[in-house]
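J.: Below is the file model_38.tsv, with TSV, C-alpha atoms.
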```tsv
chain	number	residue	atom	x	y	z
S	29	MET	CA	-151.13	174.62	-105.53
S	30	PHE	CA	-152.52	173.53	-102.14
S	31	LYS	CA	-151.10	176.61	-100.37
S	32	SER	CA	-152.70	178.90	-102.95
S	33	ILE	CA	-156.08	177.18	-102.50
S	34	VAL	CA	-155.78	177.57	-98.70
S	35	LYS	CA	-155.05	181.29	-99.06
S	36	ILE	CA	-158.19	181.87	-101.12
S	37	PHE	CA	-160.27	179.40	-99.11
S	38	SER	CA	-159.48	181.08	-95.77
S	39	SER	CA	-160.75	184.42	-97.04
S	40	HIS	CA	-163.64	182.78	-98.89
S	41	VAL	CA	-164.84	181.09	-95.69
S	42	ILE	CA	-164.93	184.51	-94.06
S	43	VAL	CA	-166.78	185.94	-97.07
S	44	LYS	CA	-169.39	183.16	-97.02
S	45	ALA	CA	-169.82	183.43	-93.24
S	46	ILE	CA	-170.37	187.20	-93.47
S	47	GLY	CA	-172.71	186.70	-96.44
S	48	LEU	CA	-174.72	184.10	-94.55
S	49	LEU	CA	-174.96	186.37	-91.50
S	50	ASN	CA	-176.13	189.19	-93.76
S	51	ILE	CA	-178.89	186.94	-95.15
S	52	VAL	CA	-179.94	185.95	-91.62
S	53	ILE	CA	-180.34	189.64	-90.76
S	54	VAL	CA	-182.33	190.29	-93.94
S	55	LEU	CA	-184.53	187.26	-93.23
S	56	LYS	CA	-185.28	188.67	-89.78
S	57	PHE	CA	-186.71	191.91	-91.17
S	58	LEU	CA	-188.29	190.83	-94.48
S	59	VAL	CA	-191.29	188.55	-94.79
S	60	ILE	CA	-190.85	185.47	-96.99
S	61	ALA	CA	-192.57	187.06	-100.02
S	62	ASP	CA	-190.41	190.21	-99.84
S	63	PHE	CA	-187.30	188.08	-99.39
S	64	GLY	CA	-188.26	186.29	-102.60
S	65	GLU	CA	-188.52	189.61	-104.48
S	66	TYR	CA	-185.26	190.84	-102.92
S	67	SER	CA	-183.43	187.68	-104.02
S	68	TYR	CA	-184.96	187.73	-107.49
S	69	MET	CA	-183.80	191.32	-108.01
S	70	LEU	CA	-180.26	190.32	-107.05
S	71	VAL	CA	-180.43	187.37	-109.45
S	72	LEU	CA	-181.39	189.76	-112.25
S	73	LEU	CA	-178.68	192.29	-111.37
S	74	ASN	CA	-176.05	189.57	-111.17
S	75	LEU	CA	-176.79	188.68	-114.77
S	76	ALA	CA	-174.26	191.46	-115.39
S	77	ALA	CA	-171.82	188.56	-115.17
S	78	ILE	CA	-172.79	187.47	-118.70
S	79	PHE	CA	-171.39	190.74	-120.08
S	80	ILE	CA	-168.22	190.81	-117.97
S	81	ASP	CA	-167.03	187.37	-116.79
S	82	PRO	CA	-166.79	185.81	-120.29
S	83	PHE	CA	-164.34	188.45	-121.53
S	84	LEU	CA	-162.21	188.39	-118.38
S	85	SER	CA	-162.16	184.58	-118.16
S	86	ALA	CA	-161.13	184.20	-121.79
S	87	TYR	CA	-158.52	186.94	-121.43
S	88	LEU	CA	-157.05	185.25	-118.34
S	89	ILE	CA	-156.36	182.12	-120.42
S	90	GLU	CA	-154.83	184.09	-123.28
S	91	ASN	CA	-152.76	186.14	-120.83
S	92	LYS	CA	-151.28	183.06	-119.13
S	93	LEU	CA	-150.69	181.10	-122.32
S	94	ASN	CA	-149.00	184.02	-124.09
S	95	GLU	CA	-147.31	185.37	-120.94
S	96	HIS	CA	-148.39	188.98	-121.42
S	97	ARG	CA	-146.33	191.45	-119.40
S	98	LYS	CA	-149.25	193.74	-118.60
S	99	PHE	CA	-152.92	193.17	-117.78
S	100	ASN	CA	-155.06	194.87	-120.43
S	101	PHE	CA	-158.15	196.48	-118.88
S	102	GLY	CA	-159.14	197.55	-122.39
S	103	ILE	CA	-160.83	194.16	-122.73
S	104	LEU	CA	-163.70	195.63	-120.68
S	105	LEU	CA	-164.63	198.02	-123.50
S	106	PHE	CA	-167.25	195.56	-124.77
S	107	SER	CA	-168.74	195.08	-121.31
S	108	ILE	CA	-169.16	198.81	-120.78
S	109	THR	CA	-170.65	199.26	-124.26
S	110	LEU	CA	-173.26	196.56	-123.63
S	111	MET	CA	-174.39	197.87	-120.24
S	112	PRO	CA	-177.11	200.29	-121.52
S	113	ILE	CA	-178.72	197.47	-123.53
S	114	PHE	CA	-178.56	195.23	-120.48
S	115	TYR	CA	-180.33	197.87	-118.39
S	116	LEU	CA	-183.21	198.08	-120.87
S	117	VAL	CA	-183.60	194.28	-120.77
S	118	LEU	CA	-183.63	194.26	-116.95
S	119	LYS	CA	-186.18	197.06	-116.90
S	120	THR	CA	-188.60	194.95	-118.95
S	121	LEU	CA	-188.11	192.00	-116.59
S	122	ASN	CA	-188.50	194.02	-113.39
S	123	SER	CA	-189.78	197.59	-113.45
S	124	ASN	CA	-188.49	198.19	-109.88
S	125	ILE	CA	-184.90	198.26	-111.13
S	126	ASN	CA	-184.12	201.96	-111.55
S	127	GLY	CA	-181.20	203.63	-113.34
S	128	TYR	CA	-179.41	204.64	-110.13
S	129	LEU	CA	-179.51	201.10	-108.70
S	130	PHE	CA	-178.31	199.63	-111.98
S	131	LEU	CA	-175.45	202.14	-112.29
S	132	ILE	CA	-173.97	201.57	-108.83
S	133	PHE	CA	-174.42	197.78	-109.01
S	134	SER	CA	-172.94	197.37	-112.51
S	135	THR	CA	-170.01	199.72	-111.76
S	136	ASN	CA	-169.37	197.82	-108.53
S	137	PHE	CA	-169.46	194.51	-110.42
S	138	ILE	CA	-167.11	195.69	-113.18
S	139	LEU	CA	-164.53	197.11	-110.76
S	140	THR	CA	-164.62	194.10	-108.41
S	141	THR	CA	-164.44	191.45	-111.14
S	142	SER	CA	-161.70	193.15	-113.15
S	143	LEU	CA	-159.62	193.80	-110.01
S	144	LYS	CA	-159.88	190.14	-108.96
S	145	SER	CA	-158.97	189.02	-112.48
S	146	TYR	CA	-155.90	191.27	-112.39
S	147	LEU	CA	-154.85	189.83	-109.01
S	148	ASN	CA	-155.53	186.27	-110.22
S	149	VAL	CA	-153.31	186.71	-113.28
S	150	ASN	CA	-150.52	188.00	-111.03
S	151	GLU	CA	-151.21	185.19	-108.51
S	152	LYS	CA	-151.78	187.65	-105.66
S	153	TYR	CA	-154.17	185.29	-103.90
S	154	PHE	CA	-154.08	186.91	-100.46
S	155	LYS	CA	-155.05	190.31	-101.88
S	156	TYR	CA	-157.60	188.55	-104.09
S	157	GLY	CA	-159.33	187.26	-100.96
S	158	ILE	CA	-159.13	190.60	-99.18
S	159	VAL	CA	-161.16	192.27	-101.95
S	160	ASP	CA	-164.11	189.93	-101.32
S	161	VAL	CA	-163.83	190.27	-97.55
S	162	VAL	CA	-163.94	194.08	-97.73
S	163	LYS	CA	-166.90	193.97	-100.10
S	164	GLN	CA	-168.91	191.68	-97.80
S	165	LEU	CA	-168.00	193.68	-94.69
S	166	SER	CA	-169.27	196.86	-96.32
S	167	ILE	CA	-172.51	195.10	-97.29
S	168	ILE	CA	-173.25	193.65	-93.85
S	169	SER	CA	-172.32	196.94	-92.13
S	170	THR	CA	-174.79	198.87	-94.28
S	171	THR	CA	-177.44	196.18	-93.74
S	172	LEU	CA	-177.13	196.58	-89.97
S	173	PHE	CA	-177.20	200.37	-90.33
S	174	PHE	CA	-180.24	200.17	-92.61
S	175	PHE	CA	-182.37	198.01	-90.33
S	176	TYR	CA	-181.23	199.03	-86.86
S	177	ILE	CA	-180.37	202.72	-87.26
S	178	LEU	CA	-182.48	203.93	-90.17
S	179	LYS	CA	-185.23	201.41	-89.25
S	180	GLU	CA	-186.17	200.96	-92.92
S	181	ASN	CA	-187.47	197.78	-94.56
S	182	ASN	CA	-187.59	198.67	-98.27
S	183	TYR	CA	-185.42	196.03	-99.95
S	184	ILE	CA	-184.70	198.22	-103.00
S	185	LYS	CA	-183.24	200.98	-100.81
S	186	LEU	CA	-181.28	198.30	-98.94
S	187	ILE	CA	-179.62	197.04	-102.13
S	188	GLU	CA	-178.85	200.61	-103.20
S	189	LEU	CA	-177.13	201.39	-99.90
S	190	ASN	CA	-175.27	198.06	-99.84
S	191	TYR	CA	-173.68	198.52	-103.24
S	192	LEU	CA	-173.07	202.26	-103.00
S	193	ILE	CA	-170.85	201.90	-99.92
S	194	SER	CA	-169.27	198.75	-101.34
S	195	LEU	CA	-168.46	200.66	-104.54
S	196	LEU	CA	-166.63	203.36	-102.58
S	197	PHE	CA	-164.39	200.81	-100.85
S	198	ILE	CA	-163.72	198.78	-103.99
S	199	GLY	CA	-162.83	201.97	-105.87
S	200	ILE	CA	-160.23	202.83	-103.22
S	201	PHE	CA	-158.81	199.27	-103.29
S	202	PHE	CA	-158.63	199.37	-107.08
S	203	CYS	CA	-156.47	202.50	-106.98
S	204	PHE	CA	-154.10	201.00	-104.39
S	205	LEU	CA	-153.79	197.41	-105.67
S	206	VAL	CA	-153.38	197.98	-109.41
S	207	LYS	CA	-149.67	198.76	-109.77
S	208	LYS	CA	-148.25	201.05	-112.43
S	209	GLY	CA	-146.29	199.09	-115.03
S	210	THR	CA	-148.35	195.91	-114.61
S	211	ALA	CA	-151.58	197.16	-116.22
S	212	GLU	CA	-152.66	199.06	-119.31
S	213	ILE	CA	-155.72	200.10	-121.28
S	214	LYS	CA	-154.92	198.97	-124.79
S	215	ILE	CA	-157.61	199.02	-127.46
S	216	GLU	CA	-156.27	197.73	-130.77
S	217	LYS	CA	-158.70	196.44	-133.37
S	218	ALA	CA	-156.38	193.69	-134.64
S	219	LEU	CA	-155.61	192.50	-131.11
S	220	LEU	CA	-159.27	192.40	-130.06
S	221	ASN	CA	-160.35	190.70	-133.30
S	222	SER	CA	-157.75	187.98	-132.75
S	223	PHE	CA	-158.88	187.55	-129.17
S	224	PHE	CA	-162.53	187.10	-130.18
S	225	ARG	CA	-161.75	184.67	-133.00
S	226	LYS	CA	-159.85	182.43	-130.60
S	227	SER	CA	-162.25	182.69	-127.67
S	228	LEU	CA	-165.76	183.28	-129.07
S	229	SER	CA	-167.12	179.83	-128.16
S	230	TYR	CA	-165.77	180.09	-124.62
S	231	ILE	CA	-167.15	183.62	-124.20
S	232	LEU	CA	-170.60	182.38	-125.24
S	233	TYR	CA	-170.30	179.40	-122.86
S	234	VAL	CA	-169.46	181.56	-119.83
S	235	ALA	CA	-172.34	183.87	-120.76
S	236	ILE	CA	-174.78	180.95	-120.82
S	237	VAL	CA	-174.06	179.42	-117.39
S	238	PRO	CA	-175.64	182.17	-115.17
S	239	PHE	CA	-178.92	181.74	-117.04
S	240	ILE	CA	-179.56	178.40	-115.31
S	241	THR	CA	-180.26	180.01	-111.92
S	242	PHE	CA	-182.06	182.88	-113.62
S	243	PHE	CA	-184.51	180.71	-115.56
S	244	ASP	CA	-185.41	178.69	-112.46
S	245	SER	CA	-186.22	181.87	-110.52
S	246	PHE	CA	-187.92	183.42	-113.58
S	247	PHE	CA	-190.35	180.49	-114.00
S	248	ILE	CA	-191.16	180.51	-110.27
S	249	GLU	CA	-191.77	184.26	-110.29
S	250	LYS	CA	-194.08	183.99	-113.33
S	251	ASN	CA	-195.94	180.77	-112.50
S	252	LEU	CA	-195.93	180.32	-108.72
S	253	THR	CA	-196.32	182.63	-105.69
S	254	ASN	CA	-193.94	185.08	-104.01
S	255	PHE	CA	-193.95	182.73	-101.04
S	256	ASP	CA	-192.65	179.94	-103.29
S	257	LEU	CA	-190.03	182.33	-104.65
S	258	GLY	CA	-188.94	183.14	-101.09
S	259	ILE	CA	-188.65	179.46	-100.15
S	260	TYR	CA	-186.67	178.64	-103.29
S	261	SER	CA	-184.44	181.70	-102.84
S	262	PHE	CA	-183.58	180.49	-99.35
S	263	SER	CA	-182.71	177.04	-100.74
S	264	LEU	CA	-180.42	178.70	-103.29
S	265	LYS	CA	-178.64	180.58	-100.48
S	266	ILE	CA	-177.86	177.33	-98.66
S	267	TYR	CA	-176.84	175.74	-101.98
S	268	ASN	CA	-174.46	178.64	-102.61
S	269	VAL	CA	-172.94	178.14	-99.16
S	270	SER	CA	-172.31	174.49	-100.07
S	271	LEU	CA	-170.29	175.75	-103.07
S	272	ILE	CA	-167.87	177.48	-100.72
S	273	LEU	CA	-164.88	175.56	-102.11
S	274	VAL	CA	-165.64	176.13	-105.80
S	275	ILE	CA	-164.10	179.58	-106.21
S	276	PRO	CA	-160.86	178.78	-104.29
S	277	ILE	CA	-160.38	175.50	-106.17
S	278	PHE	CA	-161.33	176.85	-109.59
S	279	THR	CA	-159.24	180.02	-109.24
S	280	VAL	CA	-156.06	178.04	-108.56
S	281	LEU	CA	-156.96	174.96	-110.62
S	282	ASN	CA	-157.62	177.12	-113.67
S	283	ILE	CA	-153.95	178.16	-113.68
S	284	LYS	CA	-152.67	174.69	-112.69
S	285	GLN	CA	-154.61	172.96	-115.45
S	286	LEU	CA	-153.02	175.25	-118.02
S	287	GLU	CA	-149.60	174.12	-116.79
S	288	ILE	CA	-150.68	170.46	-116.91
S	289	ALA	CA	-152.04	170.95	-120.44
S	290	LYS	CA	-148.70	172.35	-121.60
S	291	LYS	CA	-146.97	169.21	-120.29
S	292	LYS	CA	-149.68	166.88	-121.67
S	293	GLY	CA	-150.13	165.53	-118.15
S	294	TYR	CA	-153.91	165.03	-118.07
S	295	THR	CA	-153.95	161.22	-117.68
S	296	HIS	CA	-151.38	161.26	-114.88
S	297	PHE	CA	-153.35	163.94	-113.02
S	298	VAL	CA	-156.60	161.95	-113.20
S	299	LYS	CA	-155.01	158.71	-111.98
S	300	LYS	CA	-153.27	160.46	-109.10
S	301	HIS	CA	-156.27	162.42	-107.78
S	302	PHE	CA	-159.42	160.45	-108.71
S	303	LYS	CA	-160.01	158.55	-105.43
S	304	LYS	CA	-159.07	161.58	-103.35
S	305	VAL	CA	-161.58	163.81	-105.13
S	306	ILE	CA	-164.42	161.28	-104.73
S	307	PHE	CA	-163.72	160.92	-101.01
S	308	TYR	CA	-163.69	164.65	-100.29
S	309	ALA	CA	-166.79	165.26	-102.43
S	310	ILE	CA	-168.77	162.66	-100.43
S	311	LEU	CA	-167.46	164.10	-97.16
S	312	PHE	CA	-168.48	167.61	-98.11
S	313	LEU	CA	-171.93	166.46	-99.26
S	314	THR	CA	-172.48	164.81	-95.87
S	315	VAL	CA	-171.42	167.98	-94.01
S	316	SER	CA	-173.70	170.10	-96.22
S	317	LEU	CA	-176.73	167.86	-95.59
S	318	VAL	CA	-176.15	167.98	-91.82
S	319	PHE	CA	-175.76	171.78	-91.97
S	320	ASN	CA	-179.01	172.04	-93.93
S	321	PHE	CA	-180.86	170.00	-91.30
S	322	LEU	CA	-179.46	171.95	-88.34
S	323	ILE	CA	-180.15	175.42	-89.72
S	324	ILE	CA	-183.75	174.51	-90.64
S	325	ARG	CA	-184.39	172.66	-87.40
S	326	PHE	CA	-182.90	175.10	-84.91
S	327	VAL	CA	-182.21	178.52	-86.50
S	328	LEU	CA	-184.54	179.47	-89.37
S	329	THR	CA	-187.57	177.33	-88.63
S	330	ALA	CA	-189.87	179.55	-90.74
S	331	TYR	CA	-188.14	178.10	-93.80
S	332	SER	CA	-188.68	174.44	-92.87
S	333	ASN	CA	-190.59	173.95	-96.15
S	334	SER	CA	-187.32	174.45	-98.01
S	335	PHE	CA	-185.61	171.35	-96.55
S	336	LEU	CA	-186.45	168.97	-99.40
S	337	TYR	CA	-185.55	171.44	-102.16
S	338	THR	CA	-182.27	172.40	-100.49
S	339	SER	CA	-181.29	168.76	-99.98
S	340	ILE	CA	-181.85	168.04	-103.68
S	341	LEU	CA	-179.85	171.12	-104.71
S	342	LEU	CA	-176.94	169.96	-102.58
S	343	PHE	CA	-176.46	167.04	-104.96
S	344	ALA	CA	-175.74	169.61	-107.66
S	345	SER	CA	-172.83	170.89	-105.56
S	346	PHE	CA	-171.65	167.29	-105.09
S	347	ILE	CA	-171.64	166.84	-108.87
S	348	THR	CA	-169.63	170.04	-109.22
S	349	TYR	CA	-166.97	168.92	-106.73
S	350	VAL	CA	-166.64	165.48	-108.31
S	351	SER	CA	-166.36	166.82	-111.85
S	352	MET	CA	-164.51	170.14	-111.63
S	353	PRO	CA	-160.93	168.85	-111.10
S	354	PHE	CA	-161.22	166.51	-114.10
S	355	SER	CA	-162.83	168.88	-116.60
S	356	PHE	CA	-159.88	169.99	-118.74
S	357	LEU	CA	-161.83	171.26	-121.75
S	358	LEU	CA	-160.96	174.83	-120.81
S	359	ALA	CA	-157.24	174.16	-120.34
S	360	TYR	CA	-157.01	172.35	-123.67
S	361	LYS	CA	-159.11	175.08	-125.34
S	362	LYS	CA	-161.93	172.72	-126.35
S	363	TYR	CA	-164.29	175.69	-126.30
S	364	GLU	CA	-166.81	174.30	-128.80
S	365	ALA	CA	-167.44	171.27	-126.58
S	366	LEU	CA	-168.03	173.54	-123.58
S	367	LEU	CA	-170.48	175.66	-125.57
S	368	ILE	CA	-172.46	172.60	-126.70
S	369	LEU	CA	-172.77	171.39	-123.09
S	370	GLY	CA	-173.94	174.85	-121.96
S	371	LEU	CA	-176.56	175.05	-124.70
S	372	LEU	CA	-177.86	171.56	-123.89
S	373	ALA	CA	-178.16	172.50	-120.19
S	374	ILE	CA	-180.10	175.70	-120.97
S	375	ILE	CA	-182.43	173.98	-123.46
S	376	PHE	CA	-183.20	171.25	-120.94
S	377	ASN	CA	-183.72	173.76	-118.12
S	378	ILE	CA	-186.18	175.89	-120.09
S	379	GLY	CA	-188.09	172.93	-121.52
S	380	PHE	CA	-188.36	171.07	-118.21
S	381	ASN	CA	-189.60	174.15	-116.33
S	382	PHE	CA	-191.98	175.21	-119.09
S	383	VAL	CA	-193.69	171.81	-119.33
S	384	PHE	CA	-193.87	170.72	-115.68
S	385	ILE	CA	-193.68	173.67	-113.25
S	386	ASN	CA	-197.42	174.42	-113.21
S	387	SER	CA	-198.24	170.80	-112.45
S	388	TYR	CA	-195.56	169.93	-109.90
S	389	GLY	CA	-194.42	173.24	-108.40
S	390	LEU	CA	-191.06	173.96	-106.78
S	391	ILE	CA	-189.66	170.45	-107.19
S	392	ILE	CA	-189.32	171.08	-110.94
S	393	PRO	CA	-186.83	173.99	-110.93
S	394	THR	CA	-184.91	172.17	-108.19
S	395	ILE	CA	-184.49	169.04	-110.31
S	396	ALA	CA	-183.83	171.17	-113.38
S	397	THR	CA	-180.86	172.82	-111.64
S	398	VAL	CA	-179.34	169.47	-110.63
S	399	ILE	CA	-179.67	167.92	-114.09
S	400	SER	CA	-178.44	171.09	-115.84
S	401	GLN	CA	-175.39	171.11	-113.56
S	402	ALA	CA	-174.80	167.44	-114.32
S	403	ILE	CA	-174.90	168.14	-118.07
S	404	ILE	CA	-172.26	170.86	-117.73
S	405	SER	CA	-170.02	169.41	-115.01
S	406	LEU	CA	-170.19	165.65	-115.58
S	407	GLY	CA	-170.38	166.25	-119.31
S	408	GLY	CA	-167.19	168.31	-119.13
S	409	ALA	CA	-165.37	165.60	-117.17
S	410	PHE	CA	-166.50	162.75	-119.47
S	411	LEU	CA	-165.70	164.69	-122.63
S	412	SER	CA	-162.29	165.58	-121.23
S	413	TYR	CA	-161.54	161.89	-120.64
S	414	TYR	CA	-162.84	160.88	-124.06
S	415	LEU	CA	-161.12	163.63	-126.04
S	416	LEU	CA	-157.85	163.90	-124.13
S	417	LYS	CA	-157.00	160.30	-123.29
S	418	LYS	CA	-156.14	159.72	-126.95
S	419	GLU	CA	-153.92	162.81	-126.99
```
Reformat the file's structure so that it appears as structure tokens.

T.:
Amino acid sequence: MFKSIVKIFSSHVIVKAIGLLNIVIVLKFLVIADFGEYSYMLVLLNLAAIFIDPFLSAYLIENKLNEHRKFNFGILLFSITLMPIFYLVLKTLNSNINGYLFLIFSTNFILTTSLKSYLNVNEKYFKYGIVDVVKQLSIISTTLFFFYILKENNYIKLIELNYLISLLFIGIFFCFLVKKGTAEIKIEKALLNSFFRKSLSYILYVAIVPFITFFDSFFIEKNLTNFDLGIYSFSLKIYNVSLILVIPIFTVLNIKQLEIAKKKGYTHFVKKHFKKVIFYAILFLTVSLVFNFLIIRFVLTAYSNSFLYTSILLFASFITYVSMPFSFLLAYKKYEALLILGLLAIIFNIGFNFVFINSYGLIIPTIATVISQAIISLGGAFLSYYLLKKE
């Protein structure tokens, strides 16, 4: 398990480093208000995850538990069908999102996510990491070309160019990495109905989670200034960097937990790893806080106002690291419990922002994110202990 995590982590570090460098370049050319709008548009576009990730995540579990011989890309039929409706919703939220931008971004997202899911199922972790590296390299290359060669500064055109070139590379990788005989496009009504009956609660849960970041940005965009949105967007970027270990750990742990669940080994796993997880979570929180201070103090001083908000958000990543290894609700298919936690987090997030944001400003969505994350992550760990210890 550790070797697999290292394989993904090594590529993920590169991806995060390139992504951070890309943001630094964007910050150099966009004023704070425009950076806020640029980030908000990406938040909206990335809501495509709610129509894609739930189906692929649920299918990954079913695939591993039932040991399917081939990866069925037909599961994406529902995602593709829902895309036009999603575009109309995005258009009402932000009129600057045009059909061309939506098409290249959503196609890029579908191809990238489904390819990584295919590689994850087949435990091809090195190739899994390469996909993300190539995507980020194409994005930063086009960003440099956009600002330094074309000398443009329209953030909408920047996003269009980023994801058009990225789409071309991902399309090529998809054709080379998906091997004949290991994949299929199978659309059978009985098969899909069975899949949805078993996984509906989990699908809804995965669809809910991205809304936490969206609602925070949405309330800022509607109630505060573009400057505030830019400051908060910057804090979210640093927060996302602090989550650098989440994808490597979750990708491998997701498979490992399924194996532990089959052996009924939950209690043994918790006893063996509890102290270790706490230690590394505290260590990583300390490193993240120091990194936050250094980058604000010496590199991006224009964003010094974000220090407090970023520091608070980093506690959300700490909660994630402490809780994630011990949340076995997914492995034991306790999907209803996951859905309840997700709904509670969303209800709290909306209510807290709605009532307090006008009075207290940016501190409110920051605290809302931390508490919402605690409801999902800590709640998942506590419920796992309560429900599974007896089993």

J.: Using all atoms listed in the file, which residues sit within 12 Å of range 364-367 of chain S once same-chain residues fewer than 5 positions away are excluded, as a ChimeraX atom specification?

T.: /S:226-237,355-359,372-374,403-412,414-415

J.: Using only C-alpha atoms, please write the residues we just selected to a file, as a PDB file, keeping the file's coordinate frame.

T.:
```pdb
ATOM      1  CA  LYS S 226    -159.850 182.430-130.600  1.00  0.00           C
ATOM      2  CA  SER S 227    -162.250 182.690-127.670  1.00  0.00           C
ATOM      3  CA  LEU S 228    -165.760 183.280-129.070  1.00  0.00           C
ATOM      4  CA  SER S 229    -167.120 179.830-128.160  1.00  0.00           C
ATOM      5  CA  TYR S 230    -165.770 180.090-124.620  1.00  0.00           C
ATOM      6  CA  ILE S 231    -167.150 183.620-124.200  1.00  0.00           C
ATOM      7  CA  LEU S 232    -170.600 182.380-125.240  1.00  0.00           C
ATOM      8  CA  TYR S 233    -170.300 179.400-122.860  1.00  0.00           C
ATOM      9  CA  VAL S 234    -169.460 181.560-119.830  1.00  0.00           C
ATOM     10  CA  ALA S 235    -172.340 183.870-120.760  1.00  0.00           C
ATOM     11  CA  ILE S 236    -174.780 180.950-120.820  1.00  0.00           C
ATOM     12  CA  VAL S 237    -174.060 179.420-117.390  1.00  0.00           C
ATOM     13  CA  SER S 355    -162.830 168.880-116.600  1.00  0.00           C
ATOM     14  CA  PHE S 356    -159.880 169.990-118.740  1.00  0.00           C
ATOM     15  CA  LEU S 357    -161.830 171.260-121.750  1.00  0.00           C
ATOM     16  CA  LEU S 358    -160.960 174.830-120.810  1.00  0.00           C
ATOM     17  CA  ALA S 359    -157.240 174.160-120.340  1.00  0.00           C
ATOM     18  CA  LEU S 372    -177.860 171.560-123.890  1.00  0.00           C
ATOM     19  CA  ALA S 373    -178.160 172.500-120.190  1.00  0.00           C
ATOM     20  CA  ILE S 374    -180.100 175.700-120.970  1.00  0.00           C
ATOM     21  CA  ILE S 403    -174.900 168.140-118.070  1.00  0.00           C
ATOM     22  CA  ILE S 404    -172.260 170.860-117.730  1.00  0.00           C
ATOM     23  CA  SER S 405    -170.020 169.410-115.010  1.00  0.00           C
ATOM     24  CA  LEU S 406    -170.190 165.650-115.580  1.00  0.00           C
ATOM     25  CA  GLY S 407    -170.380 166.250-119.310  1.00  0.00           C
ATOM     26  CA  GLY S 408    -167.190 168.310-119.130  1.00  0.00           C
ATOM     27  CA  ALA S 409    -165.370 165.600-117.170  1.00  0.00           C
ATOM     28  CA  PHE S 410    -166.500 162.750-119.470  1.00  0.00           C
ATOM     29  CA  LEU S 411    -165.700 164.690-122.630  1.00  0.00           C
ATOM     30  CA  SER S 412    -162.290 165.580-121.230  1.00  0.00           C
ATOM     31  CA  TYR S 414    -162.840 160.880-124.060  1.00  0.00           C
ATOM     32  CA  LEU S 415    -161.120 163.630-126.040  1.00  0.00           C
TER      33      LEU S 415
END
```

J.: Padding 6 Å on every side, please: axis-aligned box over the listed atoms of range 251-257 of chain S, centre and edge lengths to one decimal in Å, as JSON.

T.:
```
{"center_x": -193.2, "center_y": 182.5, "center_z": -106.8, "size_x": 18.3, "size_y": 17.1, "size_z": 23.5}
```

J.: Name the residues in contact with range 244-257 of chain S at a cut-off of 12 Å, using all atoms listed in the file, excluding same-chain residues fewer than 3 positions from it; report them as an MDAnalysis selection string.

T.: chainID S and resid 58:72 121:122 238:241 260:264 330:331 333:334 337 374 376:398 400

J.: Give me, please, the distance in Å between CA of Asn190 in chain S and CA of Thr171 in chain S, quoted to one decimal.

T.: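 Interatomic distance here is 6.7 Å.
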
J.: For Ile215 in chain S, which residue among S:Ile46, S:Ile103, S:Ile177, S:Val41 is the nearest when counting all atoms listed in the file?

T.: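 Of S:Ile46, S:Ile103, S:Ile177, S:Val41, the one nearest Ile215 in chain S is S:Ile103, counting all atoms listed in the file.
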